[in-house]
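Asks: So here's data_34.json, just JSON, C-alpha atoms:
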```json
[["chain", "number", "residue", "atom", "x", "y", "z"],
["A", 1, "MET", "CA", 106.92, 90.20, 108.07],
["A", 2, "ARG", "CA", 106.83, 88.66, 104.60],
["A", 3, "THR", "CA", 103.36, 87.28, 105.17],
["A", 4, "VAL", "CA", 102.02, 90.68, 106.20],
["A", 5, "THR", "CA", 103.62, 92.29, 103.15],
["A", 6, "TRP", "CA", 102.05, 89.72, 100.80],
["A", 7, "ILE", "CA", 98.65, 90.10, 102.42],
["A", 8, "LEU", "CA", 98.77, 93.90, 102.14],
["A", 9, "TRP", "CA", 99.97, 93.74, 98.53],
["A", 10, "SER", "CA", 97.23, 91.25, 97.63],
["A", 11, "LEU", "CA", 94.54, 93.38, 99.23],
["A", 12, "ALA", "CA", 95.78, 96.54, 97.49],
["A", 13, "PHE", "CA", 95.91, 94.70, 94.17],
["A", 14, "ALA", "CA", 92.39, 93.32, 94.62],
["A", 15, "VAL", "CA", 90.98, 96.75, 95.50],
["A", 16, "LEU", "CA", 92.69, 98.56, 92.62],
["A", 17, "GLU", "CA", 91.81, 95.89, 90.04],
["A", 18, "GLY", "CA", 88.25, 95.73, 91.36],
["A", 19, "ILE", "CA", 87.84, 99.48, 90.91],
["A", 20, "ALA", "CA", 89.33, 99.31, 87.41],
["A", 21, "VAL", "CA", 87.07, 96.44, 86.37],
["A", 22, "ALA", "CA", 83.99, 98.14, 87.84],
["A", 23, "ASN", "CA", 84.68, 101.43, 86.01],
["A", 24, "ARG", "CA", 85.31, 99.73, 82.65],
["A", 25, "CYS", "CA", 87.67, 102.31, 81.09],
["A", 26, "ASP", "CA", 90.09, 101.25, 78.37],
["A", 27, "GLY", "CA", 93.63, 100.55, 79.54],
["A", 28, "ASP", "CA", 93.07, 100.67, 83.27],
["A", 29, "THR", "CA", 93.53, 97.03, 84.34],
["A", 30, "LEU", "CA", 96.84, 95.27, 84.85],
["A", 31, "SER", "CA", 96.17, 92.82, 82.03],
["A", 32, "GLU", "CA", 95.37, 95.62, 79.56],
["A", 33, "ASN", "CA", 98.57, 97.44, 80.49],
["A", 34, "PHE", "CA", 100.53, 94.18, 80.17],
["A", 35, "TYR", "CA", 99.08, 93.51, 76.71],
["A", 36, "ARG", "CA", 99.94, 97.03, 75.59],
["A", 37, "ALA", "CA", 103.47, 97.01, 77.07],
["A", 38, "PHE", "CA", 104.42, 93.65, 75.55],
["A", 39, "ARG", "CA", 102.27, 93.98, 72.42],
["A", 40, "THR", "CA", 100.43, 90.73, 73.03],
["A", 41, "ARG", "CA", 96.84, 89.80, 72.31],
["A", 42, "THR", "CA", 94.43, 87.47, 74.00],
["A", 43, "SER", "CA", 92.85, 84.59, 72.20],
["A", 44, "LYS", "CA", 89.28, 84.85, 70.99],
["A", 45, "ALA", "CA", 88.30, 82.05, 73.37],
["A", 46, "GLY", "CA", 89.74, 83.92, 76.35],
["A", 47, "ARG", "CA", 88.07, 87.14, 75.29],
["A", 48, "ALA", "CA", 84.71, 85.39, 74.90],
["A", 49, "LEU", "CA", 85.07, 83.74, 78.28],
["A", 50, "PHE", "CA", 85.85, 86.88, 80.27],
["A", 51, "THR", "CA", 83.85, 89.62, 78.53],
["A", 52, "ARG", "CA", 80.18, 90.38, 78.62],
["A", 53, "PRO", "CA", 78.13, 90.07, 75.46]]
```
Mind turning this structure into structure tokens?

Replies:
Amino acid sequence: MRTVTWILWSLAFAVLEGIAVANRCDGDTLSENFYRAFRTRTSKAGRALFTRP
């Protein structure tokens, strides 16, 4: 039962994050919400690696 739960959760997460990344609205991905909730910032290297020019 645990395996099925993890698989379903992973699929739901992938679908929701995929939609959020495809739409490109501010504050809609898990990482953006995490950064806002805990008032953290990414490094410039990380931002350069994962964002489009």

Asks: Distance atom CA of Arg2 of chain A-atom CA of Ala20 of chain A, one decimal place?

Replies: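 Between atom CA of Arg2 of chain A and atom CA of Ala20 of chain A the gap works out to 26.7 Å.
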
Asks: Could you tell me which of A:Trp6, A:Met1, A:Ala12, A:Glu17 comes closest to Leu30 of chain A if we count all atoms listed in the file?

Replies: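 For Leu30 of chain A, the nearest of the candidates is A:Glu17.
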
Asks: If we count all atoms listed in the file, what is near Gly27 of chain A at a cut-off of 12 Å, once residues fewer than 5 positions away on the same chain are taken out, given as a list in words?

Replies: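 Close residues of Gly27 of chain A: Glu17, Ala20, Val21, Glu32, Asn33, Phe34, Tyr35, Arg36 and Ala37 of chain A.
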
Asks: Kindly give the distance, in Å, that separates atom CA of Ile19 of chain A and atom CA of Ser31 of chain A, rounded to a single decimal.

Replies: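 If I compute the distance from atom CA of Ile19 of chain A to atom CA of Ser31 of chain A, I get 13.9 Å.
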
Asks: Would you compute the distance between atom CA of Cys25 of chain A and atom CA of Trp9 of chain A? Give it in Å to one decimal.

Replies: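 Value for the atom CA of Cys25 of chain A-atom CA of Trp9 of chain A distance: 23.0 Å.
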